[in-house]
$ cat input.csv   # CSV, C-alpha atoms
chain,number,residue,atom,x,y,z
W,1,VAL,CA,-9.3,-19.2,-17.2
W,2,ARG,CA,-7.2,-22.2,-18.2
W,3,ASP,CA,-4.1,-23.4,-16.3
W,4,ILE,CA,-2.8,-19.9,-15.6
W,5,SER,CA,0.3,-19.7,-13.4
W,6,PHE,CA,2.3,-16.7,-12.2
W,7,GLU,CA,4.0,-15.2,-9.2
W,8,VAL,CA,4.1,-11.6,-8.0
W,9,PRO,CA,6.9,-10.9,-5.5
W,10,ARG,CA,6.4,-8.6,-2.5
W,11,GLY,CA,6.6,-4.9,-3.3
W,12,GLU,CA,6.2,-5.3,-7.1
W,13,ILE,CA,3.8,-3.3,-9.2
W,14,PHE,CA,2.3,-5.9,-11.5
W,15,ALA,CA,0.0,-5.1,-14.4
W,16,PHE,CA,-2.5,-7.8,-15.6
W,17,LEU,CA,-3.6,-6.8,-19.1
W,18,GLY,CA,-6.0,-8.4,-21.6
W,19,PRO,CA,-8.9,-7.7,-23.9
W,20,ASN,CA,-12.5,-7.6,-22.6
W,21,GLY,CA,-13.5,-11.1,-21.6
W,22,ALA,CA,-10.0,-12.4,-21.5
W,23,GLY,CA,-10.2,-13.6,-17.9
W,24,LYS,CA,-8.9,-10.6,-15.9
W,25,THR,CA,-12.0,-10.1,-13.7
W,26,THR,CA,-12.3,-13.9,-13.2
W,27,THR,CA,-8.7,-14.0,-11.9
W,28,ILE,CA,-9.2,-11.1,-9.6
W,29,ARG,CA,-12.3,-12.6,-8.2
W,30,MET,CA,-10.4,-15.8,-7.4
W,31,LEU,CA,-7.6,-13.8,-5.8
W,32,THR,CA,-10.0,-11.8,-3.7
W,33,THR,CA,-12.2,-14.6,-2.3
W,34,LEU,CA,-15.2,-13.9,-4.6
W,35,LEU,CA,-14.8,-17.0,-6.7
W,36,GLU,CA,-13.5,-20.4,-5.7
W,37,PRO,CA,-11.1,-22.0,-8.3
W,38,THR,CA,-12.4,-25.3,-9.7
W,39,ALA,CA,-8.8,-26.5,-9.9
W,40,GLY,CA,-5.4,-25.4,-8.8
W,41,THR,CA,-4.3,-23.4,-5.8
W,42,VAL,CA,-4.0,-19.7,-5.0
W,43,HIS,CA,-1.6,-18.3,-2.4
W,44,LEU,CA,-2.1,-14.8,-1.3
W,45,ASN,CA,0.6,-13.6,1.2
W,46,GLY,CA,0.9,-17.3,2.2
W,47,LEU,CA,-2.8,-17.9,2.6
W,48,ASN,CA,-5.2,-19.9,0.4
W,49,PRO,CA,-8.2,-17.5,-0.1
W,50,ALA,CA,-10.5,-20.5,-0.8
W,51,GLU,CA,-9.7,-22.1,2.6
W,52,HIS,CA,-9.2,-19.0,4.7
W,53,PRO,CA,-11.3,-16.2,3.1
W,54,GLN,CA,-11.8,-14.1,6.2
W,55,GLU,CA,-8.2,-14.1,7.1
W,56,ALA,CA,-7.1,-13.5,3.4
W,57,ARG,CA,-9.3,-10.3,3.2
W,58,LYS,CA,-7.3,-8.7,6.0
W,59,HIS,CA,-4.2,-8.9,3.7
W,60,PHE,CA,-5.5,-7.0,0.7
W,61,GLY,CA,-7.2,-3.8,-0.3
W,62,ILE,CA,-9.3,-3.5,-3.5
W,63,VAL,CA,-10.5,-0.6,-5.6
W,64,PHE,CA,-13.2,-1.6,-8.1
W,65,GLN,CA,-13.8,0.0,-11.5
W,66,ASP,CA,-17.0,1.6,-10.3
W,67,ALA,CA,-17.2,3.9,-7.3
W,68,SER,CA,-18.1,2.3,-4.0
W,69,LEU,CA,-17.9,5.3,-1.6
W,70,ASP,CA,-20.9,6.5,0.4
W,71,GLN,CA,-21.5,9.9,-1.3
W,72,ASP,CA,-23.6,11.2,1.7
W,73,LEU,CA,-20.7,10.8,4.1
W,74,THR,CA,-17.6,13.0,4.3
W,75,ALA,CA,-14.2,11.8,3.2
W,76,TRP,CA,-13.2,11.4,6.9
W,77,GLU,CA,-16.4,9.4,7.6
W,78,ASN,CA,-15.8,7.1,4.7
W,79,MET,CA,-12.3,6.4,6.0
W,80,GLU,CA,-13.4,5.9,9.6
W,81,TYR,CA,-16.2,3.5,8.6
W,82,HIS,CA,-13.7,1.4,6.6
W,83,ALA,CA,-11.3,1.4,9.6
W,84,VAL,CA,-14.0,0.1,11.9
W,85,LEU,CA,-15.0,-2.6,9.4
W,86,TYR,CA,-11.4,-3.8,9.2
W,87,HIS,CA,-10.8,-3.5,12.9
W,88,VAL,CA,-8.1,-0.9,12.7
W,89,PRO,CA,-7.1,-0.2,16.3
W,90,ARG,CA,-8.6,3.0,17.7
W,91,GLY,CA,-5.1,4.1,18.8
W,92,VAL,CA,-3.7,4.2,15.2
W,93,ARG,CA,-6.9,4.9,13.3
W,94,ARG,CA,-6.9,8.7,13.3
W,95,GLU,CA,-3.2,8.9,12.7
W,96,ARG,CA,-3.4,6.5,9.7
W,97,ILE,CA,-6.4,8.3,8.2
W,98,GLU,CA,-4.7,11.7,8.5
W,99,MET,CA,-1.5,10.3,6.9
W,100,LEU,CA,-3.3,8.8,3.9
W,101,LEU,CA,-5.6,11.9,3.3
W,102,LYS,CA,-2.5,14.1,3.3
W,103,LEU,CA,-0.6,11.7,1.0
W,104,PHE,CA,-3.5,11.7,-1.5
W,105,GLU,CA,-4.0,15.5,-1.1
W,106,LEU,CA,-7.4,15.3,0.4
W,107,TRP,CA,-6.8,16.5,3.9
W,108,GLU,CA,-8.2,20.0,3.3
W,109,ARG,CA,-11.4,18.4,2.1
W,110,ARG,CA,-11.8,15.8,4.8
W,111,ASN,CA,-15.0,17.3,6.1
W,112,ASP,CA,-16.7,17.7,2.7
W,113,LEU,CA,-19.3,15.3,1.5
W,114,VAL,CA,-18.0,12.9,-1.2
W,115,LYS,CA,-20.9,13.9,-3.5
W,116,LYS,CA,-19.1,17.3,-3.9
W,117,PHE,CA,-15.8,15.6,-5.0
W,118,SER,CA,-14.5,15.4,-8.6
W,119,GLY,CA,-14.0,12.0,-10.2
W,120,GLY,CA,-10.3,12.2,-9.6
W,121,MET,CA,-10.7,13.1,-5.9
W,122,ARG,CA,-13.2,10.2,-5.4
W,123,ARG,CA,-10.7,7.8,-7.0
W,124,ARG,CA,-7.9,9.0,-4.8
W,125,LEU,CA,-10.1,8.6,-1.7
W,126,GLU,CA,-11.0,5.1,-2.7
W,127,ILE,CA,-7.3,4.1,-3.0
W,128,ALA,CA,-6.5,5.8,0.3
W,129,ARG,CA,-9.4,3.8,1.9
W,130,GLY,CA,-8.0,0.6,0.3
W,131,LEU,CA,-4.7,1.2,2.0
W,132,LEU,CA,-6.1,2.2,5.4
W,133,HIS,CA,-5.8,-1.3,7.1
W,134,THR,CA,-2.2,-1.6,6.0
W,135,PRO,CA,-2.7,-4.4,3.4
W,136,LYS,CA,0.2,-6.3,1.9
W,137,ILE,CA,-1.5,-6.3,-1.5
W,138,LEU,CA,-3.6,-3.6,-3.3
W,139,PHE,CA,-5.8,-4.7,-6.2
W,140,LEU,CA,-6.6,-1.9,-8.6
W,141,ASP,CA,-9.2,-2.8,-11.3
W,142,GLU,CA,-9.0,-0.1,-13.9
W,143,PRO,CA,-8.7,2.6,-11.3
W,144,THR,CA,-8.1,5.5,-13.7
W,145,LEU,CA,-11.0,4.7,-16.0
W,146,GLY,CA,-12.6,8.0,-17.1
W,147,LEU,CA,-10.0,10.3,-15.4
W,148,ASP,CA,-8.3,13.1,-17.1
W,149,PRO,CA,-4.5,12.8,-17.7
W,150,GLN,CA,-3.6,15.2,-14.8
W,151,SER,CA,-5.7,13.1,-12.3
W,152,ARG,CA,-4.2,9.9,-13.6
W,153,ASN,CA,-0.7,11.2,-13.4
W,154,GLN,CA,-1.2,12.4,-9.8
W,155,MET,CA,-2.9,9.2,-8.7
W,156,TRP,CA,-0.1,7.0,-9.9
W,157,ASN,CA,2.6,9.2,-8.4
W,158,GLN,CA,0.9,8.8,-5.0
W,159,VAL,CA,0.4,5.0,-5.5
W,160,LYS,CA,4.1,4.6,-6.3
W,161,ARG,CA,5.1,6.6,-3.2
W,162,MET,CA,3.0,4.3,-1.0
W,163,ASN,CA,4.4,1.3,-2.8
W,164,GLU,CA,7.9,2.4,-2.0
W,165,ALA,CA,7.2,3.6,1.5
W,166,GLU,CA,5.3,0.5,2.8
W,167,GLN,CA,6.4,-2.2,0.2
W,168,VAL,CA,2.7,-2.7,-0.8
W,169,THR,CA,2.4,-5.1,-3.7
W,170,VAL,CA,0.2,-3.5,-6.4
W,171,PHE,CA,-1.8,-5.7,-8.8
W,172,LEU,CA,-3.5,-3.6,-11.4
W,173,THR,CA,-5.6,-3.9,-14.6
W,174,THR,CA,-5.9,-1.1,-17.1
W,175,HIS,CA,-6.6,-0.5,-20.7
W,176,TYR,CA,-4.2,2.4,-20.8
W,177,MET,CA,-1.0,0.8,-22.2
W,178,GLU,CA,1.2,3.8,-21.5
W,179,GLU,CA,0.0,3.7,-17.9
W,180,ALA,CA,1.1,0.1,-17.5
W,181,GLU,CA,4.4,0.8,-19.2
W,182,ARG,CA,5.1,3.7,-16.9
W,183,VAL,CA,4.2,2.2,-13.5
W,184,ALA,CA,4.5,-1.6,-13.7
W,185,GLN,CA,7.8,-3.5,-13.3
W,186,ARG,CA,6.3,-6.6,-14.9
W,187,ILE,CA,3.3,-7.2,-17.1
W,188,ALA,CA,1.2,-10.3,-17.8
W,189,VAL,CA,-1.0,-10.5,-20.9
W,190,ILE,CA,-4.0,-12.8,-20.7
W,191,ASP,CA,-6.1,-13.8,-23.7
W,192,HIS,CA,-8.9,-16.4,-24.0
W,193,GLY,CA,-8.3,-17.5,-20.5
W,194,GLN,CA,-4.5,-18.1,-20.9
W,195,ILE,CA,-1.5,-16.1,-20.1
W,196,VAL,CA,0.2,-15.5,-23.5
W,197,ALA,CA,3.2,-13.5,-22.3
W,198,ILE,CA,4.8,-12.2,-19.1
W,199,GLY,CA,7.7,-9.9,-18.6
W,200,SER,CA,8.8,-6.3,-18.4
W,201,SER,CA,7.5,-3.8,-21.0
W,202,GLU,CA,10.9,-3.9,-22.8
W,203,GLU,CA,10.9,-7.7,-22.8
W,204,LEU,CA,7.4,-7.8,-24.3
W,205,LYS,CA,8.4,-5.3,-27.0
W,206,ALA,CA,11.5,-7.3,-27.8
W,207,ARG,CA,9.6,-10.5,-28.0
W,208,THR,CA,7.1,-9.1,-30.5
W,209,GLY,CA,9.5,-6.8,-32.4
W,210,THR,CA,7.4,-3.7,-31.7
W,211,LYS,CA,8.2,-0.2,-30.5
W,212,THR,CA,5.4,0.4,-28.0
W,213,LEU,CA,3.6,-1.7,-25.4
W,214,GLU,CA,0.3,-1.1,-27.3
W,215,GLU,CA,1.8,-2.6,-30.4
W,216,ALA,CA,3.1,-5.5,-28.4
W,217,PHE,CA,-0.3,-6.0,-26.8
W,218,LEU,CA,-2.0,-6.1,-30.2
W,219,ALA,CA,0.6,-8.5,-31.6
W,220,LEU,CA,-0.1,-10.9,-28.7
W,221,THR,CA,-3.9,-10.6,-28.6
W,222,GLY,CA,-4.9,-9.6,-32.1
W,223,THR,CA,-7.0,-6.7,-33.3
W,224,SER,CA,-10.5,-8.0,-33.2
W,225,ILE,CA,-13.0,-6.3,-30.9
W,226,ARG,CA,-14.1,-8.4,-27.9
W,227,ASP,CA,-17.3,-8.7,-25.9
W,228,GLU,CA,-17.5,-6.6,-22.8
W,229,ALA,CA,-16.1,-7.9,-19.6
W,230,ALA,CA,-18.2,-8.9,-16.5
W,231,ASP,CA,-20.3,-6.2,-14.8
W,232,PRO,CA,-18.1,-4.6,-12.1
W,233,MET,CA,-21.2,-3.6,-10.1
W,234,ALA,CA,-22.1,-7.3,-9.8
W,235,MET,CA,-18.6,-8.0,-8.6
W,236,MET,CA,-18.9,-5.3,-6.0
W,237,ARG,CA,-22.3,-6.7,-4.8
W,238,ASN,CA,-20.8,-10.2,-4.5
W,239,PHE,CA,-17.9,-8.8,-2.4
W,240,ALA,CA,-20.4,-7.1,0.0
W,241,ARG,CA,-22.3,-10.4,0.3
W,242,MET,CA,-19.2,-12.3,1.1
W,243,TRP,CA,-18.2,-9.8,3.8
W,244,ARG,CA,-21.6,-10.3,5.5
W,245,ARG,CA,-21.1,-14.1,5.8
$ encode --input "input.csv" --output "structure tokens"
Amino acid sequence: VRDISFEVPRGEIFAFLGPNGAGKTTTIRMLTTLLEPTAGTVHLNGLNPAEHPQEARKHFGIVFQDASLDQDLTAWENMEYHAVLYHVPRGVRRERIEMLLKLFELWERRNDLVKKFSGGMRRRLEIARGLLHTPKILFLDEPTLGLDPQSRNQMWNQVKRMNEAEQVTVFLTTHYMEEAERVAQRIAVIDHGQIVAIGSSEELKARTGTKTLEEAFLALTGTSIRDEAADPMAMMRNFARMWRR
């Protein structure tokens, strides 16, 4: 990325959009301690992730594009394992797990193995897990990829409720323009490593003289097909290695 600069205030749902290879994954990796910037400074809830990576990780949750649940554990076991990893106090652990599983409509399936879950259920469980340690920021990297419209709609309703209830800042990437337009208060568009526009959906449409966010996105980034983005599984493996350090 090249000289990008932006702010996301507390409690905002912020969409970070761009074509494949535009710099979205690189930015997320810098924000989540997986990649150290070669220049400039990142502040994540008042912390510099490059200087205080372990402390910074306590302040955010992240959901990767690809599933990262243990399919041979139950929903409850996946949540409890995450709670232990993040040092969620035993006194609040069970109450927090129960609240999130109920919010994401998984309570009745808490003792079922994840391998028996549908794609939508797994994604909801991953988001619930990402919120378990009460993070200030939730990173969602294409969280609805491959989900049917009903599952996507349900998932975003639940994320918005959590955003409103706990003032969790949500930083999301997606290729579904109507999704970003529906849930995000502001949108940044990155292309060739630079932020080319930032504002509300209405502001971006007004700037480009278009009627839909998708038309505005194409006006800002062009219509040529781009190379595929970085491998999300490699990103997940890097994250696991960083945690073990």
$ closest_atom_pairs --input "input.csv" --of "range 15-129 of chain W" --to "range 214-226 of chain W" --cutoff "7 Å" --atoms "all atoms listed in the file" --output "tab-separated table"
residue	atom	partner	partner_atom	distance
W:Pro19	CA	W:Arg226	CA	6.6
W:Asn20	CA	W:Arg226	CA	5.6
W:Gly21	CA	W:Arg226	CA	6.9
$ residues_near_point --input "input.csv" --point "(-16.4, 7.4, 5.0)" --cutoff "10 Å" --atoms "all atoms listed in the file" --output "list in words"
Leu69, Asp70, Gln71, Asp72, Leu73, Thr74, Ala75, Trp76, Glu77, Asn78, Met79, Glu80, Tyr81, His82, Ala83, Arg110, Leu113, Val114, Leu125, Glu126 and Arg129 of chain W
$ closest_residue --input "input.csv" --among "W:Ile198, W:Val170, W:Val42, W:Leu31" --to "Pro143 in chain W" --atoms "all atoms listed in the file"
W:Val170
$ atom_distance --input "input.csv" --atom1 "CA of Ala39 in chain W" --atom2 "CA of Asp66 in chain W"
29.3 Å
$ closest_residue --input "input.csv" --among "W:Ala184, W:Val196, W:Ile62, W:Ala15" --to "Gly130 in chain W" --atoms "only C-alpha atoms"
W:Ile62
$ atom_distance --input "input.csv" --atom1 "CA of Glu105 in chain W" --atom2 "CA of Arg122 in chain W"
11.5 Å
$ closest_residue --input "input.csv" --among "W:Asp148, W:Glu181, W:Glu166, W:Glu108" --to "Gly120 in chain W" --atoms "only C-alpha atoms"
W:Asp148
$ closest_residue --input "input.csv" --among "W:Thr41, W:Thr33, W:Gly91, W:Ala67" --to "Gly146 in chain W" --atoms "only C-alpha atoms"
W:Ala67
$ closest_residue --input "input.csv" --among "W:Ser5, W:Thr173, W:Gln194, W:Gln65" --to "Gly40 in chain W" --atoms "all atoms listed in the file"
W:Ser5
$ closest_residue --input "input.csv" --among "W:Thr27, W:Gly193, W:Lys136, W:Val84" --to "Gly46 in chain W" --atoms "all atoms listed in the file"
W:Lys136
$ atom_distance --input "input.csv" --atom1 "CA of Arg161 in chain W" --atom2 "CA of Glu179 in chain W"
15.8 Å
